[in-house]
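Peer 1: Below you'll find model.cif; it's mmCIF, C-alpha atoms.
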data_final
loop_
_atom_site.label_atom_id
_atom_site.label_comp_id
_atom_site.auth_asym_id
_atom_site.auth_seq_id
_atom_site.Cartn_x
_atom_site.Cartn_y
_atom_site.Cartn_z
CA SER A 1 0.00 0.00 0.00
CA GLY A 2 1.08 3.60 -0.52
CA GLY A 3 2.87 5.47 2.21
CA GLY A 4 2.78 9.10 1.15
CA PRO A 5 5.95 11.18 0.73
CA ALA A 6 9.03 9.06 1.31
CA SER A 7 12.46 8.26 0.03
CA ALA A 8 13.22 5.32 -2.21
CA ALA A 9 12.09 2.05 -0.68
CA PRO A 10 14.66 -0.37 0.74
CA ALA A 11 15.44 -3.15 -1.68
CA GLY A 12 13.73 -6.51 -1.35
CA ASN A 13 11.55 -8.30 1.20
CA GLY A 14 8.58 -5.99 0.65
CA ALA A 15 9.85 -3.55 3.27
CA PRO A 16 7.87 -0.29 3.59
CA PRO A 17 9.51 2.87 2.21
CA PRO A 18 11.42 5.06 4.67
CA LEU A 19 9.13 7.61 6.29
CA ALA A 20 10.30 11.21 5.74
CA LEU A 21 9.31 12.52 9.16
CA ASP A 22 9.76 16.29 9.41
CA GLY A 23 11.98 17.23 12.35
CA TYR A 24 13.82 13.91 12.17
CA SER A 25 17.59 14.30 12.02
CA ALA A 26 20.40 11.76 12.11
CA GLY A 27 18.87 8.93 14.03
CA ALA A 28 15.84 10.04 16.00
CA PRO A 29 12.91 12.40 15.61
CA HIS A 30 12.68 15.10 18.22
CA ALA A 31 9.80 15.07 20.63
CA VAL A 32 6.86 17.31 19.87
CA ALA A 33 3.98 17.42 22.32
CA PRO A 34 1.01 18.98 20.47
CA GLY A 35 -0.38 21.78 22.61
CA GLU A 36 1.91 21.08 25.58
CA PRO A 37 5.02 22.71 27.08
CA ASP A 38 8.32 22.22 25.27
CA PRO A 39 9.77 18.90 26.47
CA ASN A 40 13.39 20.10 26.18
CA GLY A 41 15.13 20.34 29.55
CA VAL A 42 13.17 17.52 31.22
CA THR A 43 13.57 13.78 31.72
CA TYR A 44 10.54 11.52 31.61
CA THR A 45 10.61 8.61 34.05
CA ALA A 46 8.23 5.70 34.65
CA ASP A 47 8.02 4.03 38.06
CA GLY A 48 6.70 0.72 36.73
CA PRO A 49 6.83 -1.38 33.57
CA LEU A 50 5.40 0.06 30.36
CA PRO A 51 3.36 -1.87 27.75
CA ASP A 52 4.89 -3.50 24.68
CA GLY A 53 2.12 -2.66 22.22
CA PRO A 54 1.73 -4.21 18.76
CA ARG A 55 4.61 -5.30 16.52
CA SER A 56 3.56 -3.10 13.60
CA ALA A 57 1.09 -0.35 12.72
CA ALA A 58 0.13 1.73 9.69
CA VAL A 59 0.53 5.44 8.96
CA HIS A 60 -2.72 7.13 7.90
CA TRP A 61 -2.92 9.96 5.37
CA PRO A 62 -5.48 12.58 4.31
CA LYS A 63 -6.67 11.88 0.78
CA GLY A 64 -9.12 13.22 -1.77
CA GLU A 65 -11.48 16.17 -1.74
CA VAL A 66 -14.57 17.06 0.22
CA GLY A 67 -17.76 16.91 -1.84
CA ALA A 68 -20.86 19.06 -1.58
CA ALA A 69 -22.87 16.14 -0.18
CA ASP A 70 -20.45 15.79 2.76
CA VAL A 71 -20.73 19.50 3.52
CA ALA A 72 -24.54 19.38 3.29
CA ARG A 73 -24.66 16.46 5.73
CA LEU A 74 -22.59 18.36 8.29
CA ALA A 75 -24.62 21.52 7.70
CA ARG A 76 -27.90 19.70 8.45
CA ALA A 77 -26.45 18.42 11.72
CA LEU A 78 -25.58 22.03 12.61
CA GLY A 79 -29.10 23.23 11.75
CA LEU A 80 -28.13 25.03 8.54
CA THR A 81 -30.23 25.04 5.41
CA GLY A 82 -29.29 25.82 1.84
CA THR A 83 -26.82 24.53 -0.71
CA PRO A 84 -23.01 24.55 -0.27
CA VAL A 85 -21.26 27.01 -2.57
CA ALA A 86 -17.67 26.57 -3.75
CA GLU A 87 -15.57 29.65 -3.01
CA GLY A 88 -11.96 29.21 -4.08
CA LYS A 89 -10.43 26.38 -2.03
CA ALA A 90 -13.40 26.05 0.32
CA TRP A 91 -17.09 25.22 0.53
CA ARG A 92 -19.33 27.70 2.31
CA ILE A 93 -22.93 27.50 3.44
CA GLY A 94 -24.92 29.95 5.52
CA ASP A 95 -24.86 33.68 6.10
CA ARG A 96 -22.38 35.62 3.94
CA ASP A 97 -22.09 38.86 5.91
CA GLY A 98 -20.50 37.29 8.97
CA GLN A 99 -23.45 38.01 11.26
CA GLY A 100 -25.38 34.72 11.12
CA PRO A 101 -24.76 30.96 11.14
CA ALA A 102 -22.08 29.91 8.66
CA LEU A 103 -20.02 26.82 7.90
CA GLN A 104 -16.76 26.81 5.92
CA VAL A 105 -15.02 23.60 4.84
CA ASN A 106 -11.70 23.35 3.03
CA ARG A 107 -12.18 21.28 -0.13
CA GLN A 108 -8.83 19.51 0.06
CA ALA A 109 -8.34 16.68 2.57
CA PRO A 110 -8.27 16.62 5.55
CA GLY A 111 -11.20 18.99 5.07
CA THR A 112 -10.63 21.37 7.98
CA TRP A 113 -13.94 23.04 8.87
CA THR A 114 -15.19 25.79 11.16
CA PHE A 115 -18.71 26.81 12.18
CA HIS A 116 -20.14 29.75 14.09
CA ARG A 117 -23.80 30.41 14.86
CA TYR A 118 -23.58 33.99 16.08
CA ALA A 119 -21.28 36.94 15.59
CA PRO A 120 -21.48 39.93 17.95
CA GLY A 121 -23.41 42.57 16.05
CA THR A 122 -26.01 44.43 18.08
CA ASP A 123 -26.36 48.18 18.49
CA ASP A 124 -24.54 47.99 21.83
CA CYS A 125 -21.12 48.71 20.27
CA ARG A 126 -17.96 49.48 22.23
CA SER A 127 -15.73 50.05 19.21
CA VAL A 128 -15.97 50.69 15.49
CA THR A 129 -15.63 47.03 14.57
CA VAL A 130 -16.96 45.04 17.53
CA CYS A 131 -20.27 45.10 19.37
CA ALA A 132 -20.81 43.88 22.90
CA GLY A 133 -24.00 41.93 22.41
CA ASP A 134 -23.40 38.18 22.12
CA PRO A 135 -26.55 36.07 21.72
CA ALA A 136 -24.59 32.89 22.44
CA ALA A 137 -23.09 34.08 25.71
CA GLY A 138 -26.16 33.49 27.83
CA ALA A 139 -26.24 34.05 31.54
CA GLY A 140 -25.78 31.92 34.61
CA ASP A 141 -24.28 28.47 34.70
CA PRO A 142 -23.26 26.52 31.58
CA VAL A 143 -25.19 23.48 30.47
CA GLY A 144 -24.39 20.19 32.14
CA GLU A 145 -21.98 17.68 30.64
CA GLU A 146 -24.69 15.25 29.57
CA ALA A 147 -26.76 17.96 27.89
CA ALA A 148 -23.67 19.19 26.06
CA ARG A 149 -22.87 15.66 24.89
CA GLN A 150 -26.40 15.27 23.54
CA ALA A 151 -26.21 18.59 21.70
CA ALA A 152 -22.86 17.64 20.15
CA ALA A 153 -23.85 14.07 19.24
CA PRO A 154 -25.49 14.84 15.82
CA VAL A 155 -22.44 16.85 14.77
CA LEU A 156 -20.02 14.11 15.79
CA LYS A 157 -22.11 11.52 13.97
CA ALA A 158 -22.13 13.64 10.80
CA VAL A 159 -18.31 13.69 10.73
CA GLY A 160 -18.04 9.97 11.43
CA GLN A 161 -17.08 10.29 15.09
CA GLY A 162 -20.22 9.01 16.77
CA SER A 163 -18.17 6.49 18.79
CA ALA A 164 -15.19 8.77 19.52
CA GLU A 165 -13.85 9.32 23.03
CA VAL A 166 -15.59 12.49 24.30
CA ASP A 167 -14.51 14.99 26.95
CA ALA A 168 -17.09 17.58 28.04
CA GLY A 169 -15.28 18.88 31.10
CA ARG A 170 -14.06 22.23 29.78
CA VAL A 171 -16.12 25.34 30.53
CA VAL A 172 -15.58 28.83 29.07
CA GLY A 173 -17.95 31.34 30.68
CA ALA A 174 -21.52 30.11 30.10
CA ARG A 175 -20.42 27.69 27.37
CA ARG A 176 -19.25 24.10 27.58
CA VAL A 177 -16.76 22.65 25.09
CA VAL A 178 -17.12 19.05 23.95
CA ASN A 179 -13.90 17.62 22.50
CA ALA A 180 -13.82 14.31 20.63
CA ASP A 181 -10.75 12.34 19.61
CA PRO A 182 -11.58 9.97 16.75
CA VAL A 183 -10.59 6.32 16.63
CA VAL A 184 -8.73 5.51 13.39
CA GLY A 185 -7.82 1.97 12.40
CA GLY A 186 -8.92 0.77 15.83
CA LEU A 187 -6.44 3.11 17.58
CA PRO A 188 -7.00 6.29 19.62
CA THR A 189 -5.67 9.51 18.10
CA TYR A 190 -4.08 12.67 19.44
CA GLY A 191 -3.81 16.04 17.73
CA ARG A 192 -6.87 15.62 15.44
CA PRO A 193 -9.80 16.57 17.70
CA THR A 194 -13.27 17.80 16.87
CA GLY A 195 -14.39 20.63 19.14
CA VAL A 196 -18.06 21.51 19.66
CA THR A 197 -19.03 24.50 21.83
CA VAL A 198 -22.51 24.37 23.38
CA GLY A 199 -24.15 27.56 24.64
CA ALA A 200 -26.40 28.12 27.62
CA ARG A 201 -29.46 27.47 25.41
CA ASP A 202 -28.33 23.88 24.72
CA GLU A 203 -27.44 24.78 21.13
CA VAL A 204 -24.17 24.38 19.24
CA VAL A 205 -22.74 27.90 18.89
CA ALA A 206 -19.31 27.07 17.44
CA ALA A 207 -17.42 24.01 16.22
CA SER A 208 -14.36 22.94 14.26
CA GLY A 209 -12.62 19.79 13.09
CA GLN A 210 -11.63 17.76 10.04
CA LEU A 211 -14.23 16.20 7.78
CA THR A 212 -12.44 13.51 5.77
CA ALA A 213 -11.41 10.15 7.20
CA PRO A 214 -7.67 9.41 6.86
CA VAL A 215 -6.65 6.55 4.55
CA ARG A 216 -4.48 3.66 5.66
CA GLY A 217 -0.94 3.72 4.25
CA ALA A 218 2.15 1.56 4.64
CA GLU A 219 2.64 -0.50 7.79
CA TYR A 220 5.85 -0.14 9.83
CA PRO A 221 7.56 -2.09 12.63
CA VAL A 222 7.03 -0.27 15.92
CA LEU A 223 8.74 -0.20 19.30
CA GLY A 224 7.35 -0.74 22.77
CA ALA A 225 6.62 2.12 25.15
CA GLU A 226 9.80 1.63 27.21
CA ARG A 227 12.12 1.81 24.20
CA THR A 228 10.19 4.75 22.74
CA LEU A 229 10.46 6.61 26.05
CA ALA A 230 14.24 6.07 26.04
CA LEU A 231 14.47 7.47 22.49
CA MET A 232 12.37 10.48 23.46
CA ASN A 233 14.71 11.29 26.36
CA ALA A 234 17.85 10.66 24.28
CA ALA A 235 16.64 12.89 21.42
CA GLN A 236 16.64 15.93 23.68
CA GLY A 237 20.43 15.93 24.02
CA PRO A 238 22.23 17.47 27.02
CA ALA A 239 20.68 20.11 29.23
CA PRO A 240 20.84 23.63 27.74
CA ARG A 241 23.70 25.80 28.87
CA ALA A 242 23.01 28.54 31.36
CA GLY A 243 22.23 32.03 30.10
CA ALA A 244 21.35 33.20 26.63
CA GLY A 245 22.61 31.31 23.63
CA GLY A 246 21.59 29.31 20.64
CA CYS A 247 22.66 26.19 18.84
CA ALA A 248 26.37 25.49 18.88
CA SER A 249 26.94 23.17 15.93
CA PRO A 250 25.13 21.63 12.97
CA VAL A 251 24.08 18.01 12.83
CA PRO A 252 26.35 15.86 10.62
CA LEU A 253 23.99 14.20 8.18
CA GLY A 254 25.93 10.94 8.28
CA ALA A 255 26.10 10.66 12.07
CA GLU A 256 24.42 7.78 13.85
CA ARG A 257 23.23 10.00 16.70
CA PRO A 258 22.20 13.66 16.65
CA ALA A 259 24.89 16.11 17.62
CA ALA A 260 24.17 18.16 20.72
CA PRO A 261 22.36 21.32 19.63
CA CYS A 262 23.55 23.29 22.63
CA GLU A 263 26.57 23.09 24.86
CA GLU A 264 26.20 21.98 28.49
CA ALA A 265 28.18 24.15 30.86
CA PRO A 266 29.05 23.81 34.56
CA GLY A 267 26.33 25.30 36.66
CA ALA A 268 23.57 24.62 34.14
CA PRO A 269 20.26 23.76 35.82
CA ALA A 270 19.49 20.07 36.24
CA ARG A 271 16.76 18.57 34.11
CA GLU A 272 13.31 18.48 35.65
CA ARG A 273 12.00 14.95 36.17
CA ILE A 274 8.49 14.36 34.82
CA ALA A 275 6.59 11.26 35.93
CA VAL A 276 5.07 9.01 33.27
CA GLU A 277 1.83 7.63 34.72
CA ASP A 278 0.45 5.77 31.71
CA ALA A 279 1.19 4.95 28.09
CA VAL A 280 -1.30 4.15 25.32
CA PHE A 281 -0.40 3.10 21.79
CA GLY A 282 -2.17 5.20 19.17
CA LEU A 283 -1.79 7.62 16.27
CA ALA A 284 -0.49 11.17 16.70
CA SER A 285 -0.60 14.05 14.25
CA HIS A 286 2.79 14.79 12.64
CA SER A 287 4.12 16.40 9.49
CA VAL A 288 5.64 13.96 7.01
CA GLY A 289 7.32 15.40 3.94
CA ALA A 290 5.35 18.63 4.48
CA ARG A 291 2.04 16.73 4.63
CA PRO A 292 -0.10 16.06 7.71
CA ALA A 293 -0.29 12.43 8.75
CA LEU A 294 -1.30 10.24 11.67
CA VAL A 295 1.86 8.40 12.71
CA PRO A 296 1.99 5.34 15.04
CA SER A 297 3.07 6.79 18.38
CA TRP A 298 3.03 6.25 22.09
CA LEU A 299 0.81 8.68 23.98
CA PHE A 300 2.38 9.23 27.40
CA GLU A 301 0.29 10.63 30.24
CA VAL A 302 2.70 12.64 32.36
CA ARG A 303 2.60 14.81 35.47
CA ALA A 304 5.03 17.56 36.47
CA PRO A 305 6.20 17.72 40.11
CA GLY A 306 3.49 19.25 42.28
CA ALA A 307 1.01 19.54 39.40
CA ARG A 308 -2.65 18.69 39.94
CA ASP A 309 -3.41 17.65 36.38
CA THR A 310 -1.69 15.42 33.88
CA TYR A 311 -1.06 16.20 30.22
CA THR A 312 -0.14 14.16 27.16
CA VAL A 313 3.21 13.96 25.37
CA THR A 314 3.47 11.94 22.16
CA TYR A 315 6.47 10.37 20.44
CA PRO A 316 6.68 8.35 17.21
CA ALA A 317 6.92 4.61 17.84
CA ILE A 318 8.20 3.64 14.37
CA ASP A 319 11.52 1.79 14.41
CA PRO A 320 14.17 4.46 13.61
CA ALA A 321 15.60 2.18 10.92
CA TYR A 322 12.53 3.07 8.83
CA LEU A 323 12.76 6.84 9.33
CA SER A 324 14.60 9.25 7.05
CA PRO A 325 15.13 13.02 7.01
CA ALA A 326 12.65 14.86 4.80
CA ARG A 327 14.23 16.44 1.73
CA GLN A 328 15.14 20.03 2.46
CA ASP A 329 13.01 21.41 -0.38
CA ASP A 330 9.98 19.50 0.93
CA ARG A 331 10.06 21.03 4.40
CA PRO A 332 7.72 23.91 5.10
CA GLY A 333 9.42 24.65 8.41
CA PRO A 334 12.77 26.16 9.42
CA ARG A 335 15.90 25.03 7.58
CA PRO A 336 19.38 24.61 9.08
CA SER A 337 20.95 28.06 8.91
CA GLU A 338 24.48 29.05 8.02
CA PRO A 339 26.55 31.96 9.33
CA GLY A 340 26.08 35.03 7.16
CA ASP A 341 22.58 34.10 6.02
CA ALA A 342 20.29 37.11 6.06
CA PRO A 343 17.25 36.54 8.29
CA ARG A 344 14.20 35.90 6.13
CA ALA A 345 10.85 36.63 7.74
CA ARG A 346 7.96 34.36 6.75
CA ASP A 347 4.43 33.58 7.80
CA VAL A 348 3.91 30.48 9.91
CA ARG A 349 0.73 28.41 9.74
CA VAL A 350 -1.41 28.75 12.88
CA GLU A 351 -2.57 25.30 14.04
CA GLY A 352 -4.92 26.11 16.92
CA TYR A 353 -6.12 28.75 19.35
CA THR A 354 -7.63 29.29 22.78
CA ALA A 355 -9.29 32.46 24.08
CA GLU A 356 -9.79 33.82 27.57
CA GLY A 357 -11.30 37.27 27.95
CA ARG A 358 -9.38 39.62 25.64
CA GLU A 359 -6.41 37.24 25.36
CA LEU A 360 -6.11 35.10 22.22
CA THR A 361 -3.40 32.44 22.38
CA VAL A 362 -2.33 30.71 19.17
CA ARG A 363 -0.36 27.50 18.68
CA PHE A 364 2.09 26.83 15.85
CA THR A 365 5.11 24.65 15.07
CA GLY A 366 8.49 26.27 14.51
CA GLY A 367 12.21 25.93 15.12
CA VAL A 368 14.49 26.78 18.04
CA CYS A 369 16.66 29.51 16.49
CA ALA A 370 14.14 32.17 15.47
CA ASP A 371 11.95 34.89 16.94
CA TYR A 372 8.17 34.61 16.52
CA THR A 373 5.64 37.42 16.72
CA ALA A 374 1.86 37.26 16.49
CA GLU A 375 -0.54 39.99 15.40
CA ALA A 376 -4.32 40.09 15.14
CA VAL A 377 -6.62 42.16 12.92
CA GLU A 378 -10.18 42.35 14.25
CA ARG A 379 -13.43 42.54 12.31
CA SER A 380 -17.04 42.13 13.40
CA GLY A 381 -17.21 38.51 12.25
CA ARG A 382 -13.60 37.32 12.37
CA VAL A 383 -10.14 37.79 13.81
CA THR A 384 -7.22 37.26 11.42
CA VAL A 385 -4.02 36.11 13.14
CA THR A 386 -0.60 36.30 11.52
CA VAL A 387 2.47 34.64 13.06
CA THR A 388 5.81 35.80 11.64
CA GLU A 389 9.10 33.91 11.96
CA LYS A 390 12.42 35.81 11.82
CA PRO A 391 15.47 33.48 12.00
CA TRP A 392 18.37 34.55 14.18
CA ARG A 393 21.26 35.98 12.21
CA ASP A 394 24.65 34.21 12.19
CA LYS A 395 23.38 31.17 14.12
CA VAL A 396 24.16 27.62 13.04
CA CYS A 397 21.15 25.60 14.05
CA ILE A 398 19.86 22.07 13.67
CA LEU A 399 16.33 21.39 12.50
CA ILE A 400 14.18 20.74 15.55
CA ALA A 401 10.42 21.09 15.31
CA LYS A 402 8.65 22.12 18.48
CA VAL A 403 5.32 23.62 19.50
CA HIS A 404 5.17 27.35 20.32
CA HIS A 405 2.43 29.54 21.77
CA ARG A 406 2.02 33.29 21.48
CA THR A 407 -0.67 35.49 23.06
CA VAL A 408 -2.13 38.66 21.55
CA GLN A 409 -4.39 41.18 23.26
CA LEU A 410 -7.68 41.86 21.48
CA ASP A 411 -9.62 45.12 21.63
CA GLU A 412 -12.68 43.14 22.71
CA PRO A 413 -13.31 39.54 23.87
CA LEU A 414 -13.32 37.08 20.98
CA GLY A 415 -16.94 36.04 21.49
CA ASP A 416 -18.14 33.97 18.53
CA ARG A 417 -15.96 35.65 15.95
CA ARG A 418 -14.11 33.16 13.74
CA VAL A 419 -10.33 32.91 14.03
CA VAL A 420 -8.58 32.63 10.66
CA GLY A 421 -4.95 32.51 9.60
CA SER A 422 -3.18 34.84 7.18
CA ASP A 423 -4.30 32.54 4.34
CA GLY A 424 -7.96 33.12 5.26
CA GLU A 425 -8.50 29.52 6.36
CA GLY A 426 -10.24 28.83 9.65
CA VAL A 427 -8.13 27.93 12.70
CA PRO A 428 -9.53 25.13 14.91
CA LEU A 429 -9.97 25.48 18.65
CA GLU A 430 -6.98 23.95 20.42
CA LYS A 431 -7.70 21.11 22.78
CA PRO A 432 -5.89 21.63 26.10
CA GLY A 433 -3.81 18.82 27.61
CA ALA A 434 -6.26 16.03 28.28
CA ARG A 435 -6.13 12.65 29.91
CA LEU A 436 -5.38 9.71 27.72
CA PRO A 437 -8.13 7.48 26.34
CA GLU A 438 -8.60 4.04 27.77
CA ARG A 439 -5.86 1.64 26.72
CA PRO A 440 -7.10 -0.54 23.84
CA ALA A 441 -6.40 -4.22 23.66
CA VAL A 442 -3.41 -5.00 21.42
#
Reformat the file's structure so that it appears as structure tokens.

Peer 2:
Amino acid sequence: SGGGPASAAPAGNGAPPPLALDGYSAGAPHAVAPGEPDPNGVTYTADGPLPDGPRSAAVHWPKGEVGAADVARLARALGLTGTPVAEGKAWRIGDRDGQGPALQVNRQAPGTWTFHRYAPGTDDCRSVTVCAGDPAAGAGDPVGEEAARQAAAPVLKAVGQGSAEVDAGRVVGARRVVNADPVVGGLPTYGRPTGVTVGARDEVVAASGQLTAPVRGAEYPVLGAERTLALMNAAQGPAPRAGAGGCASPVPLGAERPAAPCEEAPGAPARERIAVEDAVFGLASHSVGARPALVPSWLFEVRAPGARDTYTVTYPAIDPAYLSPARQDDRPGPRPSEPGDAPRARDVRVEGYTAEGRELTVRFTGGVCADYTAEAVERSGRVTVTVTEKPWRDKVCILIAKVHHRTVQLDEPLGDRRVVGSDGEGVPLEKPGARLPERPAV
């Protein structure tokens, strides 16, 4: 079966083609925990034995285009009427002036979609572009978890996630957010959630997710949780040196192990020890040859010292013998820099957002040797966020992909305005660190 972007396949024995995992360099991919703190500078430890998991598992890829019938089915579940209209790279159905219910779905797989029922737009205006009235805000306590689950159920069924693991514990003001992680190929997933926001009137007021089901690709030998945890710790290299500084040396492409990106100096702070409380084998969202994919991974439930809640860190479980660096011209992210290179600013794709009051926090993936700034332009029906990357000048840096967050201050609370990136495409609501799903039988 096909495996998406990859290098030439190993000769003989029907072996799968090497997987061009972005961020992989000279022996091991670097840990990326979607939506969680940067894992660099910590050591993950497990008190007891960890599970072995299966011997092999398949990568899953987005494929195809979203048709009008799929959009209409989702629209009906959201209470929209009318016919989907193709507008450029997206389908749209609903109100066109940004003040009423509207659904937008990207036509290309994975079919990222966003929905809003209301946009602030009464006569009670506090600025030129934003009005205070918010019909979805409601008053008093949010709906209960069971009522929110029932309101979200038709939407989840319409996107093929009627049996997905559901978390309805998050509350924002008078709204309750229902997050669902789909099961793909019999495995739990991480980094591909559907989020449904239910207002105080028991109605869906906002939602986002991906509409197309990923397609099974090539199957790869995978490692157990204990070995994967060891690789995740080893990939971080030595503890960063004290004080300001960047990467000290490039990674030799022919090396068996990654060169240390930063120099460890006497007096550098010791790594923080993070407890691993559980491990579940599943599929995690990663970039492979500049394409999104669900990669066989271990999902580690971890807890920082003194923390009340746990969060999830994921790491690819594929045997490193089957991983290869992505070709440089295929990578959308930062490239290894050379001394003398002029810094080149570029837009970075925004992958998720959260909002609290007038603060809008966006998530994106970038490198470790660049400055990132975020700006927001507000309109009555949407907020456009642009994240700009400016590489550090005269720094030699290895390619490490990690998750960043930046917060911008809005003139007014986000309300039910849509959040879009600089390309005009909707940005999904980011799921905060959640507990792992139940461990499936393997």

Peer 1: On this structure, which residues satisfy the PyMOL selection byres ((chain A and resi 200-204) around 9), written as a PyMOL selection string?

Peer 2: chain A and resi 78+116-117+136-143+147-148+150-152+155+174-176+196-199+205-207

Peer 1: Can you turn the PyMOL selection byres ((chain A and resi 407) around 6) into a concrete residue list for this file, as a compact mmCIF listing (two decimals) with C-alpha atoms, in the frame of the given file?

Peer 2:
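Once everything was written out, this is out.txt:
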# COMPACT_ATOMS: atom_id res chain seq x y z
CA LEU A 360 -6.11 35.10 22.22
CA THR A 361 -3.40 32.44 22.38
CA ARG A 406 2.02 33.29 21.48
CA VAL A 408 -2.13 38.66 21.55

Peer 1: Skipping near chain neighbours, those fewer than 6 positions away, what residues fall within 6 Å of segment 103-111 of chain A using all atoms listed in the file, listed as a CSV table (one decimal) with C-alpha atoms, in the coordinates of the input?

Peer 2:
chain,number,residue,atom,x,y,z
A,62,PRO,CA,-5.5,12.6,4.3
A,63,LYS,CA,-6.7,11.9,0.8
A,64,GLY,CA,-9.1,13.2,-1.8
A,65,GLU,CA,-11.5,16.2,-1.7
A,66,VAL,CA,-14.6,17.1,0.2
A,89,LYS,CA,-10.4,26.4,-2.0
A,90,ALA,CA,-13.4,26.0,0.3
A,91,TRP,CA,-17.1,25.2,0.5
A,92,ARG,CA,-19.3,27.7,2.3
A,93,ILE,CA,-22.9,27.5,3.4
A,210,GLN,CA,-11.6,17.8,10.0
A,211,LEU,CA,-14.2,16.2,7.8
A,212,THR,CA,-12.4,13.5,5.8

Peer 1: Could you tell me how far atom CA of Thr384 of chain A lies from atom CA of Ala355 of chain A, in Å and to one decimal?

Peer 2: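 It comes out at 13.7 Å.
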
Peer 1: Which centre and edge lengths in Å to one decimal define the box along x, y and z that fits every listed atom of segment 200-208 of chain A plus 6 Å per side, as JSON?

Peer 2:
{"center_x": -21.9, "center_y": 25.5, "center_z": 20.9, "size_x": 27.1, "size_y": 17.2, "size_z": 25.4}

Peer 1: Which value, in Å to one decimal, gives the distance between atom CA of Pro154 of chain A and atom CA of Val295 of chain A?

Peer 2: 28.3 Å

Peer 1: Can you list, as a ChimeraX atom specification, the residues that the PyMOL selection byres ((chain A and resi 83) around 9) selects here?

Peer 2: /A:68,71-72,81-82,84-85,92-94

Peer 1: Grab the atom CA of Thr228 of chain A to atom CA of Thr194 of chain A distance for me, in Å with one decimal place.

Peer 2: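 Rounded to one decimal, the two atoms are 27.5 Å apart.
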
Peer 1: What lies within 9 Å of Val183 of chain A using only C-alpha atoms, ignoring chain neighbours under 5 positions off, as a list in words?

Peer 2: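 The contact residues come out as Gln161, Ser163, Ala164, Glu165, Pro188, Thr189, Gly282 and Leu283 of chain A.
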
Peer 1: Which residue gives the smallest distance to Ile318 of chain A among A:Gly381, A:Pro51, A:Gly169, A:Pro296, with all atoms listed in the file counted?

Peer 2: A:Pro296

Peer 1: Need the shell around Arg227 of chain A: protein/DNA/RNA residues with any atom at most 10 Å away, counting only C-alpha atoms. Skip same-chain ones fewer than 2 positions apart. Format as an mmCIF file with C-alpha atoms, keeping the file's coordinate frame?

Peer 2:
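The result, written out as part_38.cif:
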data_model
loop_
_atom_site.group_PDB
_atom_site.id
_atom_site.type_symbol
_atom_site.label_atom_id
_atom_site.label_comp_id
_atom_site.auth_asym_id
_atom_site.auth_seq_id
_atom_site.Cartn_x
_atom_site.Cartn_y
_atom_site.Cartn_z
ATOM 1 C CA LEU A 50 5.400 0.060 30.360
ATOM 2 C CA ASP A 52 4.890 -3.500 24.680
ATOM 3 C CA VAL A 222 7.030 -0.270 15.920
ATOM 4 C CA LEU A 223 8.740 -0.200 19.300
ATOM 5 C CA GLY A 224 7.350 -0.740 22.770
ATOM 6 C CA ALA A 225 6.620 2.120 25.150
ATOM 7 C CA LEU A 229 10.460 6.610 26.050
ATOM 8 C CA ALA A 230 14.240 6.070 26.040
ATOM 9 C CA LEU A 231 14.470 7.470 22.490
ATOM 10 C CA MET A 232 12.370 10.480 23.460
ATOM 11 C CA ALA A 317 6.920 4.610 17.840
ATOM 12 C CA ASP A 319 11.520 1.790 14.410
#

Peer 1: Taking only C-alpha atoms into account, which of A:Arg417, A:His404, A:Arg216, A:Arg358 comes nearest Thr373 of chain A?

Peer 2: A:His404
